[in-house]
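Colleague: Shown below is the structure under consideration.
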Amino acid sequence: MMRRLIPMLAALSMLLATSVALAHKPSDSYLALDVKGKQVSGQWDIALRDLDMAIGLDADGNGELTWDEVKARHPAIAAYALSRLALSGQDGKPCPLTVSEHLIDDHSDGAYAVLRLNATCAVDVDTLGVDYKLLFDIDPQHKGLLKLSHDGATSTAIFTPEAPRQQLAVAGASRWRQFGDYVRHGVWHIWIGFDHILFLLSLLLPAVLVFGAGTGSVRTWQGGASFRAAFIDVLKIVTAFTLAHSITLSLAVLGVLSVPSRVVESAIALSVVLAGLNNIWPLFQRRRAVAAFAFGLIHGFGFASVLLDLGLPASSLLLSLVGFNVGVELGQLAIVAVFLPLAFMARNSTFYRKVVLVGGSALIFAIAMVWLLERVLDLKIISQ
C-alpha cells in the first residue's frame with residue numbers, strides 16, 4: 001500500500017507545485033448586454049494582459065502598455081473580439097455586432113479594454129443566443145461573465161470552454177439556473193485560486209501529525225493516533241476559514257467594507273508565507289483554526305473581487321453571493337476529501353514528514369515569498 005501511496009502523493013505535490021509556479025488571477029471578461037426590442041447594446045471589458053497575450057499590444061516590448069500602444073491596436077482588438085462573440089435571435093438569425101467606442105477601465109486586477117457594442121436582430125428578441133469563444137483556444141481557464149438586462153430585469157450567465165453557447169431568455173433566466181452557474185463558478189474559482197489552495201493546504205498538512213511527540217528534549221512531528229482526531233482538526237480549520245471568508249465576502253459584495261486590491265492580494269500572499277513557515281518552525285501550531293479564521297477574513301475580500309467586477313444589480317446580488325459561496329465550500333471539501341485519507345495513510349512515513357510536510361512547506365513558503373514581493377513592490381518575478 002505504501003509503495004503505491006508515495007508515488008500518488010509525490011505526483012500530487014509535483015502537479016500542485018507546477019500549477020502554483022504559474023499561478024495568476026484567473027482570466028475573466030465581463031460582458032453586459034441590454035435588450036430593447038430588436039436592439040442589443042452593451043459593453044465588453046477584456047483584460048489588456050489577455051489581449052496582449054492573444055494579439056500583441058506591447059509594440060516596443062518593454063513589458064508596459066501605453067495608451068498610444070493600445071489605441072494603435074483598436075482595429076485589431078475589435079476584429080479579434082468580434083470574431084469570438086456572436087449573437088442570434090430566437091429565429092436563429094444572427095444579430096451582427098459592431099464596436100462603436102473603445103475605452104479603458106480599471107478592475108481589481110488591472111486595466112481592461114472596454115468595447116461599446118451594438119447589434120440589431122431581425123425580430124424582437126425574446127431569447128438571445130450567445131456564442132462565446134474568447135481566449136478559449138489559448139487559455140482553458142478563461143471565463144466570460146455575462147449580465148443580461150431587459151426592462152429592468154437582470155439575469156447572469158457564465159461561459160466556459162465546456163459551455164461556450166447558451167440560449168438566454170431575456171425576460172430573466174431561472175433563478176435555480178443562475179444559482180447553479182455561480183455554484184460552478186465558485187468551485188472553479190477555488191480550484192484555480194492557487195494562493196487560496198496553498199493557504200488551506202499548509203494548514204491541513206500537519207493535521208495527521210502531532211508536534212512535540214518525540215522523546216527527550218527533541219520535539220518532532222510524529223504520526224497522529226487516529227483518523228477521527230485528524231478529521232476533527234481539519235473540520236475546525238475548514239469551518240473557521242469558511243466562516244471568516246463568508247463574512248468578508250458578504251460585507252465586500254454588499255458594499256459595507258472595501259479594501260484596496262493590492263492590499264488584499266499582498267495580505268493573502270503573506271498568509272501563505274506564514275502558514276508554510278508554521279509547518280517548518282511552528283508559530284501557531286495549536287492555534288491553526290484561529291489562524292484560519294484570521295487570515296480567512298482577508299481571503300474573503302479576494303473572493304469578493306470576482307463578484308464585484310461583474311457589477312451585479314441588487315436583484316441578483318444575494319443569489320449570486322450565496323451560490324458562489326456554496327461553490328467555494330464544495331471546492332474546498334473536494335480538496336479535503338482527496339487529501340486527508342492519503343495523508344493519514346502516509347503519516348508515519350519519513351516521506352510524508354520530511355518530503356511532503358517539510359519540503360512541501362518550504363516550497364510553499366518560497367513561492368509565497370515571490371508572490372508577496374511581486375504584490376507589495378508591483379514587480380513581476382515569475383513570468384506568466
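Just so we're on the same page: first chain in the C-alpha cells is A, next is B, and so on; residues restart at 1 for each chain, and ligands are numbered from 1 in the order they show up.
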At a cut-off of 12 Å, using only C-alpha atoms, what residues contact Gly255 of chain A? Leave out same-chain residues fewer than 2 positions from it and give the result as a ChimeraX atom specification.
Modeller: /A:248-253,257-259,301,304-305,307-308,311-312,314,317
Colleague: Near Ala294 of chain A, counting only C-alpha atoms, which residues have an atom at most 10 Å away, once you skip same-chain residues fewer than 3 positions from it, shown as a list in words?
Modeller: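 Those residues are Ala240, Phe241, Ala244, His245, Ser271, Arg288, Ala289, Val290, Ala291, Leu297, Ile298 and His299 of chain A.
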Colleague: Which residues in segment 38-158 of chain A does DSSP call alpha helix (DSSP H)? List them as number ranges by chain.
Modeller: A: 48-55, 67-72, 74-82
Colleague: Take the residues from that selection and write them out as an mmCIF file, in the first residue's frame, keeping N, CA and C atoms.
Modeller:
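For reference, part_20.cif as written:
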```cif
data_model
loop_
_atom_site.group_PDB
_atom_site.id
_atom_site.type_symbol
_atom_site.label_atom_id
_atom_site.label_comp_id
_atom_site.auth_asym_id
_atom_site.auth_seq_id
_atom_site.Cartn_x
_atom_site.Cartn_y
_atom_site.Cartn_z
ATOM 1 N N LEU A 48 -6.375 43.869 -20.584
ATOM 2 C CA LEU A 48 -5.323 44.201 -21.542
ATOM 3 C C LEU A 48 -4.241 43.137 -21.569
ATOM 4 N N ARG A 49 -3.963 42.524 -20.406
ATOM 5 C CA ARG A 49 -2.933 41.473 -20.396
ATOM 6 C C ARG A 49 -3.364 40.286 -21.257
ATOM 7 N N ASP A 50 -4.684 39.998 -21.271
ATOM 8 C CA ASP A 50 -5.182 38.904 -22.099
ATOM 9 C C ASP A 50 -5.102 39.253 -23.583
ATOM 10 N N LEU A 51 -5.452 40.489 -23.914
ATOM 11 C CA LEU A 51 -5.365 40.917 -25.307
ATOM 12 C C LEU A 51 -3.915 40.958 -25.783
ATOM 13 N N ASP A 52 -3.022 41.363 -24.908
ATOM 14 C CA ASP A 52 -1.606 41.381 -25.257
ATOM 15 C C ASP A 52 -1.115 39.967 -25.556
ATOM 16 N N MET A 53 -1.577 39.010 -24.750
ATOM 17 C CA MET A 53 -1.195 37.618 -24.971
ATOM 18 C C MET A 53 -1.769 37.083 -26.284
ATOM 19 N N ALA A 54 -2.991 37.524 -26.627
ATOM 20 C CA ALA A 54 -3.675 36.976 -27.794
ATOM 21 C C ALA A 54 -3.222 37.613 -29.109
ATOM 22 N N ILE A 55 -3.110 38.939 -29.138
ATOM 23 C CA ILE A 55 -2.826 39.598 -30.417
ATOM 24 C C ILE A 55 -1.619 40.531 -30.361
ATOM 25 N N TRP A 67 -1.213 54.108 -23.556
ATOM 26 C CA TRP A 67 -2.463 54.373 -24.265
ATOM 27 C C TRP A 67 -2.237 54.403 -25.778
ATOM 28 N N ASP A 68 -1.113 54.964 -26.216
ATOM 29 C CA ASP A 68 -0.829 55.028 -27.646
ATOM 30 C C ASP A 68 -0.700 53.621 -28.241
ATOM 31 N N GLU A 69 -0.066 52.715 -27.502
ATOM 32 C CA GLU A 69 0.078 51.340 -27.998
ATOM 33 C C GLU A 69 -1.277 50.660 -28.113
ATOM 34 N N VAL A 70 -2.120 50.866 -27.110
ATOM 35 C CA VAL A 70 -3.446 50.266 -27.141
ATOM 36 C C VAL A 70 -4.297 50.897 -28.247
ATOM 37 N N LYS A 71 -4.247 52.224 -28.345
ATOM 38 C CA LYS A 71 -5.037 52.936 -29.356
ATOM 39 C C LYS A 71 -4.668 52.489 -30.766
ATOM 40 N N ALA A 72 -3.385 52.261 -30.995
ATOM 41 C CA ALA A 72 -2.936 51.843 -32.326
ATOM 42 C C ALA A 72 -3.489 50.466 -32.704
ATOM 43 N N HIS A 74 -6.577 49.374 -31.779
ATOM 44 C CA HIS A 74 -8.040 49.341 -31.671
ATOM 45 C C HIS A 74 -8.695 48.519 -32.782
ATOM 46 N N PRO A 75 -8.326 48.710 -34.042
ATOM 47 C CA PRO A 75 -8.955 47.882 -35.085
ATOM 48 C C PRO A 75 -8.711 46.391 -34.874
ATOM 49 N N ALA A 76 -7.491 46.036 -34.470
ATOM 50 C CA ALA A 76 -7.174 44.624 -34.243
ATOM 51 C C ALA A 76 -7.935 44.074 -33.043
ATOM 52 N N ILE A 77 -8.080 44.896 -31.989
ATOM 53 C CA ILE A 77 -8.830 44.473 -30.806
ATOM 54 C C ILE A 77 -10.284 44.211 -31.172
ATOM 55 N N ALA A 78 -10.883 45.139 -31.924
ATOM 56 C CA ALA A 78 -12.283 44.977 -32.319
ATOM 57 C C ALA A 78 -12.466 43.742 -33.199
ATOM 58 N N ALA A 79 -11.560 43.563 -34.163
ATOM 59 C CA ALA A 79 -11.673 42.404 -35.061
ATOM 60 C C ALA A 79 -11.530 41.097 -34.295
ATOM 61 N N TYR A 80 -10.571 41.060 -33.373
ATOM 62 C CA TYR A 80 -10.358 39.838 -32.589
ATOM 63 C C TYR A 80 -11.576 39.543 -31.720
ATOM 64 N N ALA A 81 -12.083 40.560 -31.018
ATOM 65 C CA ALA A 81 -13.219 40.354 -30.116
ATOM 66 C C ALA A 81 -14.464 39.910 -30.880
ATOM 67 N N LEU A 82 -14.784 40.597 -31.983
ATOM 68 C CA LEU A 82 -15.999 40.288 -32.734
ATOM 69 C C LEU A 82 -15.922 38.925 -33.420
#
```
Colleague: Neighbouring residues of Ser83 of chain A were defined as those with any atom within 12 Å, considering only C-alpha atoms; residues of the same chain fewer than 5 positions away were excluded. Please report them as a PyMOL selection string.
Modeller: chain A and resi 76-78+96-99+131-135
Colleague: With all heavy atoms retained, could you export that selection as a PDB file, in the first residue's frame?
Modeller:
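To be explicit, this is the file written out as selection.pdb:
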```
ATOM      1  N   ALA A  76      -7.491  46.036 -34.470  1.00  0.00           N
ATOM      2  CA  ALA A  76      -7.174  44.624 -34.243  1.00  0.00           C
ATOM      3  C   ALA A  76      -7.935  44.074 -33.043  1.00  0.00           C
ATOM      4  O   ALA A  76      -8.395  42.928 -33.057  1.00  0.00           O
ATOM      5  CB  ALA A  76      -5.669  44.451 -34.034  1.00  0.00           C
ATOM      6  N   ILE A  77      -8.080  44.896 -31.989  1.00  0.00           N
ATOM      7  CA  ILE A  77      -8.830  44.473 -30.806  1.00  0.00           C
ATOM      8  C   ILE A  77     -10.284  44.211 -31.172  1.00  0.00           C
ATOM      9  O   ILE A  77     -10.868  43.189 -30.796  1.00  0.00           O
ATOM     10  CB  ILE A  77      -8.734  45.538 -29.691  1.00  0.00           C
ATOM     11  CG1 ILE A  77      -7.305  45.611 -29.148  1.00  0.00           C
ATOM     12  CG2 ILE A  77      -9.719  45.224 -28.566  1.00  0.00           C
ATOM     13  CD1 ILE A  77      -7.078  46.766 -28.183  1.00  0.00           C
ATOM     14  N   ALA A  78     -10.883  45.139 -31.924  1.00  0.00           N
ATOM     15  CA  ALA A  78     -12.283  44.977 -32.319  1.00  0.00           C
ATOM     16  C   ALA A  78     -12.466  43.742 -33.199  1.00  0.00           C
ATOM     17  O   ALA A  78     -13.410  42.965 -33.006  1.00  0.00           O
ATOM     18  CB  ALA A  78     -12.761  46.231 -33.047  1.00  0.00           C
ATOM     19  N   PRO A  96     -25.824  40.988 -36.173  1.00  0.00           N
ATOM     20  CA  PRO A  96     -24.453  41.458 -36.426  1.00  0.00           C
ATOM     21  C   PRO A  96     -24.005  42.480 -35.392  1.00  0.00           C
ATOM     22  O   PRO A  96     -24.707  43.456 -35.111  1.00  0.00           O
ATOM     23  CB  PRO A  96     -24.545  42.070 -37.829  1.00  0.00           C
ATOM     24  CG  PRO A  96     -25.741  41.415 -38.448  1.00  0.00           C
ATOM     25  CD  PRO A  96     -26.708  41.201 -37.325  1.00  0.00           C
ATOM     26  N   LEU A  97     -22.813  42.252 -34.855  1.00  0.00           N
ATOM     27  CA  LEU A  97     -22.253  43.121 -33.823  1.00  0.00           C
ATOM     28  C   LEU A  97     -21.280  44.128 -34.419  1.00  0.00           C
ATOM     29  O   LEU A  97     -20.543  43.821 -35.356  1.00  0.00           O
ATOM     30  CB  LEU A  97     -21.514  42.279 -32.778  1.00  0.00           C
ATOM     31  CG  LEU A  97     -22.319  41.707 -31.610  1.00  0.00           C
ATOM     32  CD1 LEU A  97     -21.517  40.622 -30.906  1.00  0.00           C
ATOM     33  CD2 LEU A  97     -22.700  42.807 -30.629  1.00  0.00           C
ATOM     34  N   THR A  98     -21.276  45.329 -33.837  1.00  0.00           N
ATOM     35  CA  THR A  98     -20.289  46.347 -34.185  1.00  0.00           C
ATOM     36  C   THR A  98     -19.737  46.958 -32.893  1.00  0.00           C
ATOM     37  O   THR A  98     -20.394  46.940 -31.846  1.00  0.00           O
ATOM     38  CB  THR A  98     -20.888  47.466 -35.049  1.00  0.00           C
ATOM     39  OG1 THR A  98     -21.952  48.101 -34.320  1.00  0.00           O
ATOM     40  CG2 THR A  98     -21.416  46.911 -36.363  1.00  0.00           C
ATOM     41  N   VAL A  99     -18.526  47.485 -32.984  1.00  0.00           N
ATOM     42  CA  VAL A  99     -17.904  48.200 -31.864  1.00  0.00           C
ATOM     43  C   VAL A  99     -18.001  49.694 -32.163  1.00  0.00           C
ATOM     44  O   VAL A  99     -17.470  50.171 -33.170  1.00  0.00           O
ATOM     45  CB  VAL A  99     -16.438  47.781 -31.676  1.00  0.00           C
ATOM     46  CG1 VAL A  99     -15.776  48.631 -30.585  1.00  0.00           C
ATOM     47  CG2 VAL A  99     -16.344  46.305 -31.320  1.00  0.00           C
ATOM     48  N   ASP A 131     -22.878  32.982 -28.479  1.00  0.00           N
ATOM     49  CA  ASP A 131     -21.779  32.061 -28.796  1.00  0.00           C
ATOM     50  C   ASP A 131     -20.480  32.771 -28.437  1.00  0.00           C
ATOM     51  O   ASP A 131     -20.076  33.729 -29.088  1.00  0.00           O
ATOM     52  CB  ASP A 131     -21.816  31.705 -30.283  1.00  0.00           C
ATOM     53  CG  ASP A 131     -20.784  30.643 -30.657  1.00  0.00           C
ATOM     54  OD1 ASP A 131     -19.964  30.287 -29.791  1.00  0.00           O
ATOM     55  OD2 ASP A 131     -20.790  30.191 -31.814  1.00  0.00           O
ATOM     56  N   TYR A 132     -19.818  32.300 -27.388  1.00  0.00           N
ATOM     57  CA  TYR A 132     -18.668  32.981 -26.793  1.00  0.00           C
ATOM     58  C   TYR A 132     -17.434  32.096 -26.940  1.00  0.00           C
ATOM     59  O   TYR A 132     -17.425  30.959 -26.462  1.00  0.00           O
ATOM     60  CB  TYR A 132     -18.966  33.264 -25.317  1.00  0.00           C
ATOM     61  CG  TYR A 132     -17.879  33.999 -24.558  1.00  0.00           C
ATOM     62  CD1 TYR A 132     -18.029  35.341 -24.240  1.00  0.00           C
ATOM     63  CD2 TYR A 132     -16.726  33.356 -24.141  1.00  0.00           C
ATOM     64  CE1 TYR A 132     -17.050  36.026 -23.530  1.00  0.00           C
ATOM     65  CE2 TYR A 132     -15.735  34.031 -23.442  1.00  0.00           C
ATOM     66  CZ  TYR A 132     -15.905  35.361 -23.134  1.00  0.00           C
ATOM     67  OH  TYR A 132     -14.930  36.038 -22.440  1.00  0.00           O
ATOM     68  N   LYS A 133     -16.380  32.625 -27.581  1.00  0.00           N
ATOM     69  CA  LYS A 133     -15.171  31.823 -27.800  1.00  0.00           C
ATOM     70  C   LYS A 133     -13.890  32.582 -27.455  1.00  0.00           C
ATOM     71  O   LYS A 133     -12.803  32.171 -27.866  1.00  0.00           O
ATOM     72  CB  LYS A 133     -15.114  31.382 -29.270  1.00  0.00           C
ATOM     73  CG  LYS A 133     -16.255  30.491 -29.711  1.00  0.00           C
ATOM     74  CD  LYS A 133     -16.103  30.045 -31.156  1.00  0.00           C
ATOM     75  CE  LYS A 133     -16.243  31.217 -32.109  1.00  0.00           C
ATOM     76  NZ  LYS A 133     -16.227  30.784 -33.538  1.00  0.00           N
ATOM     77  N   LEU A 134     -13.996  33.660 -26.690  1.00  0.00           N
ATOM     78  CA  LEU A 134     -12.820  34.472 -26.391  1.00  0.00           C
ATOM     79  C   LEU A 134     -11.780  33.685 -25.597  1.00  0.00           C
ATOM     80  O   LEU A 134     -12.100  33.121 -24.536  1.00  0.00           O
ATOM     81  CB  LEU A 134     -13.226  35.725 -25.607  1.00  0.00           C
ATOM     82  CG  LEU A 134     -12.088  36.701 -25.295  1.00  0.00           C
ATOM     83  CD1 LEU A 134     -11.658  37.440 -26.555  1.00  0.00           C
ATOM     84  CD2 LEU A 134     -12.507  37.694 -24.212  1.00  0.00           C
ATOM     85  N   LEU A 135     -10.551  33.628 -26.107  1.00  0.00           N
ATOM     86  CA  LEU A 135      -9.372  33.101 -25.401  1.00  0.00           C
ATOM     87  C   LEU A 135      -9.417  31.608 -25.094  1.00  0.00           C
ATOM     88  O   LEU A 135      -8.447  31.069 -24.563  1.00  0.00           O
ATOM     89  CB  LEU A 135      -9.137  33.870 -24.082  1.00  0.00           C
ATOM     90  CG  LEU A 135      -8.755  35.337 -24.211  1.00  0.00           C
ATOM     91  CD1 LEU A 135      -8.823  36.025 -22.860  1.00  0.00           C
ATOM     92  CD2 LEU A 135      -7.340  35.481 -24.788  1.00  0.00           C
TER      93      LEU A 135
END
```
Colleague: For Leu342 of chain A, which of A:Ala157, A:Leu204, A:Ala169, A:Val376 is the closest residue, counting only C-alpha atoms?
Modeller: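 That would be A:Leu204, the residue with the smallest distance to Leu342 of chain A.
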Colleague: With only C-alpha atoms as the atoms that count, which of A:Leu340, A:Ala86, A:Leu274, A:Val306 lies nearest to Thr120 of chain A?
Modeller: A:Ala86
Colleague: Pick out each residue of segment 81-234 of chain A that DSSP on the backbone tags as strand (DSSP E); I need them as a ChimeraX atom specification.
Modeller: /A:85-88,97-107,110-120,127-132,143-150,153-159,165-169,209-211,221-223
Colleague: Skipping near chain neighbours, those fewer than 4 positions away, what residues fall within 10 Å of Trp188 of chain A using only C-alpha atoms, listed as a list of chain:residue names?
Modeller: A:Pro26, A:Gln141, A:Tyr182, A:Val183, A:Arg184, A:Ile192, A:Gly193, A:Phe324, A:Gly327, A:Val328, A:Leu330, A:Gly331
Colleague: Go ahead and write the selection's residues with N, CA, C and O atoms as a compact mmCIF listing (two decimals), in the first residue's frame.
Modeller:
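The result, written out as result.txt:
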```txt
# COMPACT_ATOMS: atom_id res chain seq x y z
N PRO A 26 -7.29 34.27 -12.05
CA PRO A 26 -7.98 33.66 -13.19
C PRO A 26 -8.43 34.71 -14.20
O PRO A 26 -8.82 35.81 -13.86
N GLN A 141 -8.63 28.17 -18.85
CA GLN A 141 -9.18 28.61 -17.57
C GLN A 141 -10.02 29.87 -17.71
O GLN A 141 -10.67 30.29 -16.74
N TYR A 182 -23.42 30.05 -10.50
CA TYR A 182 -22.47 30.62 -9.55
C TYR A 182 -21.91 29.58 -8.60
O TYR A 182 -20.79 29.74 -8.09
N VAL A 183 -22.62 28.50 -8.38
CA VAL A 183 -22.03 27.38 -7.63
C VAL A 183 -20.84 26.83 -8.42
O VAL A 183 -19.74 26.62 -7.87
N ARG A 184 -21.04 26.59 -9.70
CA ARG A 184 -19.95 26.08 -10.54
C ARG A 184 -18.79 27.07 -10.60
O ARG A 184 -17.62 26.69 -10.58
N ILE A 192 -8.73 26.91 -9.03
CA ILE A 192 -7.64 27.58 -9.74
C ILE A 192 -7.13 28.79 -8.97
O ILE A 192 -6.26 29.50 -9.45
N GLY A 193 -7.67 29.04 -7.77
CA GLY A 193 -7.17 30.10 -6.91
C GLY A 193 -6.02 29.55 -6.07
O GLY A 193 -6.20 29.20 -4.90
N PHE A 324 -22.12 31.42 -5.20
CA PHE A 324 -20.66 31.45 -5.28
C PHE A 324 -20.03 30.91 -4.00
O PHE A 324 -19.08 30.12 -4.04
N GLY A 327 -20.33 27.22 -3.82
CA GLY A 327 -19.37 26.61 -4.72
C GLY A 327 -17.96 26.57 -4.15
O GLY A 327 -17.25 25.58 -4.28
N VAL A 328 -17.56 27.67 -3.51
CA VAL A 328 -16.24 27.71 -2.87
C VAL A 328 -16.12 26.61 -1.81
O VAL A 328 -15.11 25.91 -1.73
N LEU A 330 -17.85 23.77 -1.61
CA LEU A 330 -17.81 22.46 -2.26
C LEU A 330 -16.43 22.19 -2.84
O LEU A 330 -15.93 21.06 -2.77
N GLY A 331 -15.81 23.22 -3.40
CA GLY A 331 -14.46 23.06 -3.93
C GLY A 331 -13.46 22.73 -2.84
O GLY A 331 -12.58 21.88 -3.02
```
Colleague: Can you work out which one of A:Ser320, A:Gln222, A:Lys236, A:Ala366 has the shortest atom-to-atom distance to Tyr352 of chain A, counting only C-alpha atoms?
Modeller: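 Nearest candidate to Tyr352 of chain A out of A:Ser320, A:Gln222, A:Lys236, A:Ala366: A:Gln222.
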Colleague: For a quick check of understanding, using only C-alpha atoms, which of A:Ala229, A:Val358, A:Ala122, A:Leu203 has the smallest distance to Arg287 of chain A?
Modeller: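 Looking at the shortest contact to Arg287 of chain A, the residue is A:Leu203.
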Colleague: Suppose you want the space between atom CA of Pro161 of chain A and atom CA of Leu33 of chain A; what is it in Å?
Modeller: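 Taking atom CA of Pro161 of chain A and atom CA of Leu33 of chain A, their separation equals 20.5 Å.
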